[in-house]
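*Asks:* My structure is in entry-v1.cif, and what it holds is mmCIF, C-alpha atoms:
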```
data_target
#
loop_
_atom_site.group_PDB
_atom_site.id
_atom_site.type_symbol
_atom_site.label_atom_id
_atom_site.label_comp_id
_atom_site.auth_asym_id
_atom_site.auth_seq_id
_atom_site.Cartn_x
_atom_site.Cartn_y
_atom_site.Cartn_z
ATOM 1 C CA MET A 100 343.158 22.376 119.919
ATOM 2 C CA THR A 101 343.045 23.757 123.454
ATOM 3 C CA HIS A 102 340.050 21.627 124.156
ATOM 4 C CA GLY A 103 341.921 18.525 123.043
ATOM 5 C CA LEU A 104 344.889 19.395 125.252
ATOM 6 C CA LEU A 105 342.594 19.970 128.213
ATOM 7 C CA LEU A 106 340.928 16.626 127.613
ATOM 8 C CA ALA A 107 344.316 14.899 127.469
ATOM 9 C CA ALA A 108 345.381 16.588 130.707
ATOM 10 C CA THR A 109 342.141 15.467 132.322
ATOM 11 C CA ARG A 110 342.788 11.911 131.215
ATOM 12 C CA VAL A 111 346.283 12.027 132.674
ATOM 13 C CA ASP A 112 345.000 13.381 135.969
ATOM 14 C CA GLN A 113 342.303 10.767 136.192
ATOM 15 C CA GLY A 114 344.765 8.048 135.345
ATOM 16 C CA VAL A 115 347.161 9.220 138.042
ATOM 17 C CA PHE A 116 344.350 9.341 140.567
ATOM 18 C CA LEU A 117 343.060 5.902 139.635
ATOM 19 C CA ALA A 118 346.499 4.290 139.715
ATOM 20 C CA SER A 119 347.392 5.816 143.073
ATOM 21 C CA ALA A 120 343.985 4.998 144.514
ATOM 22 C CA VAL A 121 344.468 1.354 143.566
ATOM 23 C CA ILE A 122 347.967 1.397 145.103
ATOM 24 C CA VAL A 123 346.751 3.056 148.299
ATOM 25 C CA LEU A 124 343.785 0.745 148.768
ATOM 26 C CA SER A 125 345.660 -2.454 148.014
ATOM 27 C CA GLY A 126 348.461 -1.415 150.363
ATOM 28 C CA ALA A 127 345.967 -0.623 153.113
ATOM 29 C CA ILE A 128 344.234 -3.972 152.700
ATOM 30 C CA GLY A 129 347.651 -5.628 152.664
ATOM 31 C CA VAL A 130 348.475 -4.081 156.044
ATOM 32 C CA VAL A 131 345.332 -5.545 157.544
ATOM 33 C CA VAL A 132 345.335 -9.026 156.049
ATOM 34 C CA SER A 133 348.998 -10.020 155.877
ATOM 35 C CA ALA A 134 349.984 -12.496 158.568
ATOM 36 C CA ASN A 135 353.644 -11.536 158.631
ATOM 37 C CA PRO A 136 354.394 -8.124 160.202
ATOM 38 C CA VAL A 137 357.219 -7.519 157.718
ATOM 39 C CA HIS A 138 354.789 -7.869 154.829
ATOM 40 C CA ALA A 139 352.413 -5.520 156.606
ATOM 41 C CA ALA A 140 355.199 -2.928 156.929
ATOM 42 C CA LEU A 141 356.010 -3.216 153.211
ATOM 43 C CA SER A 142 352.346 -2.789 152.334
ATOM 44 C CA LEU A 143 352.357 0.292 154.525
ATOM 45 C CA VAL A 144 355.234 1.670 152.436
ATOM 46 C CA MET A 145 353.128 1.118 149.324
ATOM 47 C CA THR A 146 350.210 3.036 150.796
ATOM 48 C CA LEU A 147 352.459 5.892 151.908
ATOM 49 C CA PHE A 148 353.974 6.246 148.447
ATOM 50 C CA GLY A 149 350.525 6.284 146.877
ATOM 51 C CA ILE A 150 349.427 9.029 149.228
ATOM 52 C CA ALA A 151 352.598 10.982 148.380
ATOM 53 C CA VAL A 152 351.623 10.772 144.698
ATOM 54 C CA LEU A 153 348.166 12.071 145.580
ATOM 55 C CA PHE A 154 349.815 14.962 147.451
ATOM 56 C CA VAL A 155 351.766 15.838 144.300
ATOM 57 C CA ALA A 156 348.582 15.658 142.276
ATOM 58 C CA GLN A 157 347.078 18.247 144.612
ATOM 59 C CA GLU A 158 350.084 20.583 144.449
ATOM 60 C CA ALA A 159 351.361 19.838 147.945
ATOM 61 C CA HIS A 160 354.899 19.235 146.776
ATOM 62 C CA PHE A 161 356.694 19.852 150.045
ATOM 63 C CA LEU A 162 354.376 17.539 151.939
ATOM 64 C CA ALA A 163 354.868 14.826 149.342
ATOM 65 C CA ALA A 164 358.621 15.002 149.852
ATOM 66 C CA VAL A 165 358.229 14.993 153.632
ATOM 67 C CA GLN A 166 355.815 12.086 153.370
ATOM 68 C CA VAL A 167 358.363 9.996 151.520
ATOM 69 C CA ILE A 168 361.298 11.013 153.715
ATOM 70 C CA VAL A 169 359.670 10.910 157.145
ATOM 71 C CA TYR A 170 356.987 8.266 156.763
ATOM 72 C CA ALA A 171 358.300 5.861 154.166
ATOM 73 C CA GLY A 172 361.859 6.521 155.230
ATOM 74 C CA ALA A 173 362.092 7.011 158.951
ATOM 75 C CA ILE A 174 358.921 5.622 160.451
ATOM 76 C CA VAL A 175 358.709 2.406 158.452
ATOM 77 C CA VAL A 176 362.402 1.762 159.003
ATOM 78 C CA LEU A 177 361.727 2.199 162.718
ATOM 79 C CA PHE A 178 358.891 -0.311 162.457
ATOM 80 C CA LEU A 179 361.083 -2.828 160.652
ATOM 81 C CA PHE A 180 363.849 -2.259 163.186
ATOM 82 C CA VAL A 181 361.513 -3.045 166.070
ATOM 83 C CA ILE A 182 360.118 -6.084 164.253
ATOM 84 C CA MET A 183 363.616 -7.461 163.833
ATOM 85 C CA LEU A 184 364.696 -6.428 167.340
ATOM 86 C CA ILE A 185 361.952 -8.177 169.246
ATOM 87 C CA GLY A 186 361.776 -11.056 166.820
ATOM 88 C CA VAL A 187 358.112 -11.126 165.963
ATOM 89 C CA ASP A 188 358.751 -11.613 162.276
ATOM 90 C CA ARG A 189 357.074 -14.983 162.537
ATOM 91 C CA ALA A 190 353.798 -15.328 160.760
ATOM 92 C CA GLU A 191 350.816 -14.938 163.014
ATOM 93 C CA ASP A 192 348.004 -17.444 162.780
ATOM 94 C CA ILE A 193 345.253 -15.151 161.603
ATOM 95 C CA ARG A 194 342.874 -17.962 160.808
ATOM 96 C CA ARG A 195 342.142 -18.478 164.461
ATOM 97 C CA GLU A 196 339.603 -16.034 165.775
ATOM 98 C CA PRO A 197 340.232 -15.419 169.472
ATOM 99 C CA LEU A 198 336.928 -13.723 170.068
ATOM 100 C CA ARG A 199 334.082 -15.416 168.282
ATOM 101 C CA GLY A 200 332.158 -13.233 165.895
ATOM 102 C CA GLN A 201 334.440 -10.253 166.339
ATOM 103 C CA ARG A 202 335.593 -9.993 162.753
ATOM 104 C CA PRO A 203 332.179 -9.809 161.079
ATOM 105 C CA VAL A 204 331.068 -7.261 163.643
ATOM 106 C CA ALA A 205 334.235 -5.199 163.097
ATOM 107 C CA VAL A 206 333.816 -5.226 159.322
ATOM 108 C CA LEU A 207 330.150 -4.353 159.702
ATOM 109 C CA LEU A 208 330.998 -1.450 161.995
ATOM 110 C CA GLY A 209 333.609 -0.247 159.508
ATOM 111 C CA LEU A 210 331.119 -0.341 156.649
ATOM 112 C CA VAL A 211 328.564 1.533 158.736
ATOM 113 C CA ALA A 212 331.158 4.192 159.563
ATOM 114 C CA LEU A 213 332.125 4.496 155.901
ATOM 115 C CA ALA A 214 328.504 4.851 154.827
ATOM 116 C CA GLU A 215 328.012 7.458 157.513
ATOM 117 C CA ILE A 216 330.988 9.507 156.349
ATOM 118 C CA VAL A 217 329.892 9.327 152.721
ATOM 119 C CA LEU A 218 326.317 10.265 153.571
ATOM 120 C CA LEU A 219 327.439 13.199 155.695
ATOM 121 C CA SER A 220 329.776 14.414 152.978
ATOM 122 C CA ARG A 221 326.998 14.305 150.419
ATOM 123 C CA GLY A 222 324.312 15.802 152.585
ATOM 124 C CA GLY A 223 325.388 18.751 154.625
ATOM 125 C CA ASP A 224 326.783 22.131 153.683
ATOM 126 C CA TRP A 225 329.455 21.876 156.306
ATOM 127 C CA VAL A 226 332.017 23.858 154.356
ATOM 128 C CA THR A 227 331.613 27.448 155.421
ATOM 129 C CA GLY A 228 333.208 28.782 152.282
ATOM 130 C CA ALA A 229 335.490 31.170 154.160
ATOM 131 C CA PRO A 230 338.830 30.571 152.451
ATOM 132 C CA SER A 231 342.353 31.746 153.005
ATOM 133 C CA LEU A 232 342.552 32.188 156.732
ATOM 134 C CA GLY A 233 346.117 30.986 156.721
ATOM 135 C CA GLY A 234 347.034 32.301 153.313
ATOM 136 C CA ARG A 235 346.124 31.215 149.817
ATOM 137 C CA ALA A 236 347.245 27.853 148.506
ATOM 138 C CA SER A 237 347.269 28.955 144.863
ATOM 139 C CA GLY A 238 348.650 32.003 143.146
ATOM 140 C CA GLU A 239 352.116 33.548 143.141
ATOM 141 C CA GLY A 240 355.096 31.728 144.602
ATOM 142 C CA THR A 241 355.944 28.103 145.104
ATOM 143 C CA ASN A 242 354.250 25.709 147.456
ATOM 144 C CA VAL A 243 357.254 25.615 149.770
ATOM 145 C CA GLU A 244 357.311 29.415 150.079
ATOM 146 C CA LYS A 245 353.641 29.617 150.949
ATOM 147 C CA LEU A 246 353.814 26.769 153.428
ATOM 148 C CA ALA A 247 356.897 28.280 155.081
ATOM 149 C CA GLU A 248 355.243 31.675 155.332
ATOM 150 C CA SER A 249 352.190 30.129 156.921
ATOM 151 C CA ILE A 250 354.149 28.047 159.416
ATOM 152 C CA PHE A 251 356.625 30.731 160.399
ATOM 153 C CA THR A 252 354.114 33.526 160.822
ATOM 154 C CA ARG A 253 350.636 32.330 161.681
ATOM 155 C CA TYR A 254 351.572 28.988 163.222
ATOM 156 C CA MET A 255 354.855 30.072 164.777
ATOM 157 C CA PHE A 256 353.859 29.241 168.343
ATOM 158 C CA ALA A 257 352.579 25.803 167.361
ATOM 159 C CA PHE A 258 355.811 25.207 165.505
ATOM 160 C CA GLU A 259 357.832 25.988 168.624
ATOM 161 C CA ILE A 260 355.614 23.707 170.678
ATOM 162 C CA THR A 261 356.356 20.830 168.297
ATOM 163 C CA SER A 262 360.038 21.096 169.154
ATOM 164 C CA VAL A 263 359.158 20.672 172.834
ATOM 165 C CA LEU A 264 356.991 17.708 171.874
ATOM 166 C CA LEU A 265 359.840 16.051 170.001
ATOM 167 C CA ILE A 266 362.205 16.489 172.940
ATOM 168 C CA ILE A 267 359.600 14.992 175.274
ATOM 169 C CA ALA A 268 359.205 12.052 172.904
ATOM 170 C CA VAL A 269 362.955 11.431 172.808
ATOM 171 C CA VAL A 270 363.246 11.565 176.601
ATOM 172 C CA GLY A 271 360.198 9.334 176.948
ATOM 173 C CA ALA A 272 361.610 6.748 174.569
ATOM 174 C CA VAL A 273 364.918 6.682 176.430
ATOM 175 C CA VAL A 274 363.167 6.279 179.794
ATOM 176 C CA LEU A 275 360.882 3.556 178.461
ATOM 177 C CA VAL A 276 363.477 1.273 176.944
ATOM 178 C CA ARG A 277 366.277 1.877 179.455
ATOM 179 C CA ARG A 278 367.107 -1.271 181.379
ATOM 180 C CA PRO A 279 366.999 -0.842 185.150
ATOM 181 C CA PRO A 280 370.477 -0.644 186.685
ATOM 182 C CA PRO A 281 371.871 -3.923 188.031
ATOM 183 C CA PRO A 282 371.281 -4.441 191.753
ATOM 184 C CA VAL A 283 374.087 -3.153 193.949
ATOM 185 C CA ARG A 284 375.971 -5.827 195.887
ATOM 186 C CA ARG A 285 377.127 -4.651 199.277
ATOM 187 C CA ARG A 286 380.765 -5.198 200.152
ATOM 188 C CA ASP A 287 380.821 -5.129 203.929
ATOM 189 C CA PRO A 288 383.516 -7.265 205.626
ATOM 190 C CA ASP A 289 381.620 -7.470 208.965
ATOM 191 C CA ASP A 290 378.380 -8.503 207.379
ATOM 192 C CA GLU A 291 377.756 -11.542 205.327
ATOM 193 C CA PRO A 292 377.089 -10.605 201.732
ATOM 194 C CA VAL A 293 373.497 -9.708 201.151
ATOM 195 C CA ALA A 294 371.965 -11.402 198.200
ATOM 196 C CA ALA A 295 370.656 -8.601 196.156
ATOM 197 C CA VAL A 296 367.294 -9.215 194.592
ATOM 198 C CA ALA A 297 365.990 -7.203 191.746
ATOM 199 C CA PRO A 298 362.774 -5.406 192.645
ATOM 200 C CA GLY A 299 359.804 -7.448 191.610
ATOM 201 C CA GLY A 300 361.637 -10.752 191.624
ATOM 202 C CA PRO A 301 362.594 -12.849 188.640
ATOM 203 C CA ALA A 302 359.271 -12.189 186.909
ATOM 204 C CA ASP A 303 360.393 -8.601 186.521
ATOM 205 C CA GLY A 304 362.779 -9.623 183.829
ATOM 206 C CA GLY A 305 364.975 -6.599 184.413
ATOM 207 C CA ASN A 306 368.169 -8.500 183.774
ATOM 208 C CA GLY A 307 367.026 -9.393 180.319
ATOM 209 C CA PRO A 308 367.966 -12.358 178.216
ATOM 210 C CA MET B 207 341.733 20.478 139.487
ATOM 211 C CA THR B 208 340.322 17.884 137.202
ATOM 212 C CA VAL B 209 339.638 15.043 139.584
ATOM 213 C CA GLY B 210 336.952 16.283 141.931
ATOM 214 C CA ALA B 211 337.718 16.724 145.610
ATOM 215 C CA GLU B 212 334.971 14.302 146.549
ATOM 216 C CA TRP B 213 336.893 11.391 145.069
ATOM 217 C CA TYR B 214 339.888 12.168 147.243
ATOM 218 C CA LEU B 215 337.583 12.367 150.247
ATOM 219 C CA TYR B 216 335.975 9.017 149.427
ATOM 220 C CA LEU B 217 339.402 7.441 149.083
ATOM 221 C CA ALA B 218 340.495 8.931 152.407
ATOM 222 C CA ALA B 219 337.327 7.665 154.073
ATOM 223 C CA ALA B 220 337.955 4.185 152.680
ATOM 224 C CA VAL B 221 341.554 4.142 153.924
ATOM 225 C CA PHE B 222 340.430 5.401 157.337
ATOM 226 C CA THR B 223 337.821 2.652 157.531
ATOM 227 C CA ILE B 224 340.320 -0.032 156.552
ATOM 228 C CA GLY B 225 342.660 1.228 159.250
ATOM 229 C CA ALA B 226 339.922 1.226 161.866
ATOM 230 C CA VAL B 227 338.775 -2.286 160.963
ATOM 231 C CA GLY B 228 342.372 -3.492 161.060
ATOM 232 C CA LEU B 229 342.807 -1.954 164.491
ATOM 233 C CA LEU B 230 339.766 -3.885 165.700
ATOM 234 C CA VAL B 231 340.592 -7.168 164.019
ATOM 235 C CA ARG B 232 344.330 -7.681 164.412
ATOM 236 C CA ARG B 233 345.997 -8.958 167.554
ATOM 237 C CA ASN B 234 349.632 -8.164 166.804
ATOM 238 C CA VAL B 235 350.512 -4.906 168.556
ATOM 239 C CA LEU B 236 352.825 -3.743 165.771
ATOM 240 C CA VAL B 237 350.240 -4.292 163.061
ATOM 241 C CA MET B 238 347.675 -2.448 165.153
ATOM 242 C CA PHE B 239 350.132 0.412 165.314
ATOM 243 C CA MET B 240 350.516 0.374 161.531
ATOM 244 C CA CYS B 241 346.749 0.608 161.242
ATOM 245 C CA VAL B 242 346.859 3.769 163.354
ATOM 246 C CA GLU B 243 349.360 5.152 160.847
ATOM 247 C CA LEU B 244 346.931 4.313 158.042
ATOM 248 C CA MET B 245 344.213 6.299 159.772
ATOM 249 C CA LEU B 246 346.555 9.261 160.284
ATOM 250 C CA ASN B 247 347.469 9.216 156.605
ATOM 251 C CA ALA B 248 343.840 9.178 155.567
ATOM 252 C CA VAL B 249 343.268 12.284 157.657
ATOM 253 C CA ASN B 250 346.330 13.915 156.078
ATOM 254 C CA LEU B 251 344.895 13.254 152.638
ATOM 255 C CA THR B 252 341.647 14.889 153.720
ATOM 256 C CA PHE B 253 343.520 17.953 154.965
ATOM 257 C CA VAL B 254 345.433 18.357 151.715
ATOM 258 C CA THR B 255 342.253 17.920 149.694
ATOM 259 C CA PHE B 256 340.486 20.648 151.631
ATOM 260 C CA ALA B 257 343.542 22.884 151.357
ATOM 261 C CA ARG B 258 343.211 22.631 147.602
ATOM 262 C CA GLU B 259 339.438 22.863 147.565
ATOM 263 C CA LEU B 260 339.198 25.918 149.820
ATOM 264 C CA ASP B 261 342.413 27.483 148.484
ATOM 265 C CA ASP B 262 343.834 27.707 151.994
ATOM 266 C CA ILE B 263 347.397 26.813 152.885
ATOM 267 C CA GLY B 264 346.367 26.199 156.511
ATOM 268 C CA GLY B 265 345.371 22.640 155.681
ATOM 269 C CA GLN B 266 348.875 21.855 154.503
ATOM 270 C CA SER B 267 350.370 23.488 157.603
ATOM 271 C CA LEU B 268 348.188 21.241 159.723
ATOM 272 C CA VAL B 269 349.450 18.183 157.840
ATOM 273 C CA PHE B 270 352.958 19.299 158.731
ATOM 274 C CA PHE B 271 352.060 19.299 162.432
ATOM 275 C CA VAL B 272 350.284 15.960 162.131
ATOM 276 C CA LEU B 273 353.500 14.534 160.685
ATOM 277 C CA VAL B 274 355.484 15.775 163.676
ATOM 278 C CA VAL B 275 352.956 14.374 166.135
ATOM 279 C CA ALA B 276 352.908 11.051 164.278
ATOM 280 C CA ALA B 277 356.685 10.812 164.471
ATOM 281 C CA ALA B 278 356.630 11.486 168.220
ATOM 282 C CA GLU B 279 353.817 8.991 168.668
ATOM 283 C CA VAL B 280 355.707 6.306 166.784
ATOM 284 C CA VAL B 281 358.828 6.845 168.892
ATOM 285 C CA VAL B 282 356.988 6.578 172.206
ATOM 286 C CA GLY B 283 354.708 3.770 171.049
ATOM 287 C CA LEU B 284 357.530 1.620 169.750
ATOM 288 C CA GLY B 285 359.407 2.251 173.002
ATOM 289 C CA ILE B 286 356.426 0.938 174.940
ATOM 290 C CA ILE B 287 356.162 -2.079 172.626
ATOM 291 C CA VAL B 288 359.860 -2.881 173.038
ATOM 292 C CA SER B 289 359.619 -2.693 176.816
ATOM 293 C CA ILE B 290 356.522 -4.931 176.775
ATOM 294 C CA PHE B 291 358.166 -7.526 174.558
ATOM 295 C CA ARG B 292 361.242 -7.511 176.731
ATOM 296 C CA ARG B 293 359.138 -8.799 179.613
ATOM 297 C CA ARG B 294 357.038 -11.323 177.748
ATOM 298 C CA ALA B 295 358.126 -12.546 174.369
ATOM 299 C CA GLY B 296 355.552 -13.090 171.676
ATOM 300 C CA ALA B 297 352.809 -11.237 173.460
ATOM 301 C CA THR B 298 349.711 -10.209 171.566
ATOM 302 C CA ALA B 299 347.226 -7.593 172.627
ATOM 303 C CA ASP B 300 345.143 -10.317 174.284
ATOM 304 C CA ASP B 301 347.981 -11.372 176.565
ATOM 305 C CA LEU B 302 348.335 -7.929 178.101
ATOM 306 C CA HIS B 303 345.704 -8.197 180.811
ATOM 307 C CA LEU B 304 347.719 -7.353 183.909
ATOM 308 C CA LEU B 305 345.295 -4.621 184.848
ATOM 309 C CA LYS B 306 342.263 -6.839 184.428
ATOM 310 C CA GLY B 307 340.372 -7.232 187.688
#
```
Can I see the file as structure tokens?
*Replies:*
Amino acid sequence: MTHGLLLAATRVDQGVFLASAVIVLSGAIGVVVSANPVHAALSLVMTLFGIAVLFVAQEAHFLAAVQVIVYAGAIVVLFLFVIMLIGVDRAEDIRREPLRGQRPVAVLLGLVALAEIVLLSRGGDWVTGAPSLGGRASGEGTNVEKLAESIFTRYMFAFEITSVLLIIAVVGAVVLVRRPPPPVRRRDPDDEPVAAVAPGGPADGGNGP
Amino acid sequence: MTVGAEWYLYLAAAVFTIGAVGLLVRRNVLVMFMCVELMLNAVNLTFVTFARELDDIGGQSLVFFVLVVAAAEVVVGLGIIVSIFRRRAGATADDLHLLKG
């Protein structure tokens, strides 16, 4: 009886893994091969959801929720926003190969890297087997409690640093996309008006469309 | 703990490889950026798998920090892309050769 239940649970787990693996891989391939950036972004959403399911399957419940909210929610929406803002939602001609022979070489390099990773993971004993430096992942308590305890005790300093990082990112984004101020036109009655020229000339494009 | 950790690692390696190949092959800057996100997610999957395999919550904490760094990276990167496209519309990665000697 118990054996049968265990077997059924195993089947369910394997089915979940297989289904999410198919979703993740097809989404990843969709990101690479789709000509339209909007389709690529939607394929990215598919991959992110699949990875969130795999997080749940490995008892990382909080990270699965954050994955859906932050990645599939915020980041992909930001991508779509930029795609619509700068108007590159036209399909790209991906048939044309700008650099001859680049694609086969790239795919070959990718396959070599994959084979290398798989070989390394099969060969070496690179796991030291020293567990639980930051606390145990299983046992008493929920996943959120254990993750919070780890972050707010052992990784407290790193957590504070991330807030600085986020502020730097916000300031950087504002500085990057801020339009330069319009050139100041002098109002001097004795002088003839000076034609103000934007620094860098018209190629600078500071005035925008 | 019924599906072995190695299968998760193989899947993560495959997603990482697809992302890397996409980064090499594509010319659209935004799609290249999405491929970077694919690679980051593959690494996150590896971290969570090892957190389960070694029974160590530190792997999941690290995924948390990777998420924060990825969000910051996306904000700055998209800002750069917007400011590039404001200067030259429809630019691909091949058109950005101002620094070429």
*Asks:* I need the chain B residues near chain A as a PyMOL selection string; criterion: at most 6 Å, counting all atoms listed in the file.
*Replies:* chain B and resi 208+223+227-228+231+260-264+278+282+285+289+293
*Asks:* By how many Å are CA of Met183 in chain A and CA of Thr298 in chain B apart?
*Replies:* 16.1 Å
*Asks:* Record the distance separating CA of Val167 in chain A and CA of Ala277 in chain B, expressed in Å with one decimal.
*Replies:*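 CA of Ala277 in chain B lies 13.1 Å from CA of Val167 in chain A.
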*Asks:* When you count only C-alpha atoms, which of these residues is closest to Val254 in chain B: A:Met255, A:His160, A:Pro281, A:His138?
*Replies:* A:His160
*Asks:* Using all atoms listed in the file, which residues sit within 12 Å of Leu302 in chain B once same-chain residues fewer than 3 positions away are excluded, as a PyMOL selection string?
*Replies:* chain B and resi 233-235+287+290-291+293-299+305-306
*Asks:* Kindly indicate which residue among B:Leu244, B:Ile224, B:Gly283, B:Leu251 lies nearest to Val155 in chain A, using only C-alpha atoms for the distances.
*Replies:*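 Of all the options, B:Leu251 lies closest to Val155 in chain A.
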*Asks:* So how far away is CA of Thr252 in chain B from CA of Ala211 in chain B, in Å?
*Replies:*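 Between CA of Ala211 in chain B and CA of Thr252 in chain B the gap is 9.2 Å.
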*Asks:* Which centre and edge lengths in Å to one decimal define the box along x, y and z that fits every listed atom of range 256-270 of chain B plus 8 Å per side, as JSON?
*Replies:*
```
{"center_x": 346.1, "center_y": 22.9, "center_z": 153.6, "size_x": 29.8, "size_y": 25.5, "size_z": 28.2}
```
*Asks:* Using only C-alpha atoms, pick whichever of B:Leu236, B:Ala226, B:Cys241, B:Leu246 has the shortest atom-to-atom distance to Val275 in chain B.
*Replies:*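 Checking each of B:Leu236, B:Ala226, B:Cys241, B:Leu246 against Val275 in chain B, counting only C-alpha atoms, the winner is B:Leu246.
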*Asks:* Can you work out which one of A:Glu239, A:Val144, A:Gly149, A:Glu259 has the shortest atom-to-atom distance to Gly172 in chain A, counting only C-alpha atoms?
*Replies:*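 Of A:Glu239, A:Val144, A:Gly149, A:Glu259, the one nearest Gly172 in chain A is A:Val144, counting only C-alpha atoms.
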*Asks:* For a quick check of understanding, using all atoms listed in the file, which of B:Ala218, B:Val269, B:Val281, B:Val274 has the smallest distance to Ala248 in chain B?
*Replies:*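 The shortest atom-to-atom distance to Ala248 in chain B comes from B:Ala218.
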*Asks:* Measuring between only C-alpha atoms, which one of B:Leu268, B:Val280, B:Leu304, B:Val242 shows the shortest distance to Leu229 in chain B?
*Replies:*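 The shortest atom-to-atom distance to Leu229 in chain B comes from B:Val242.
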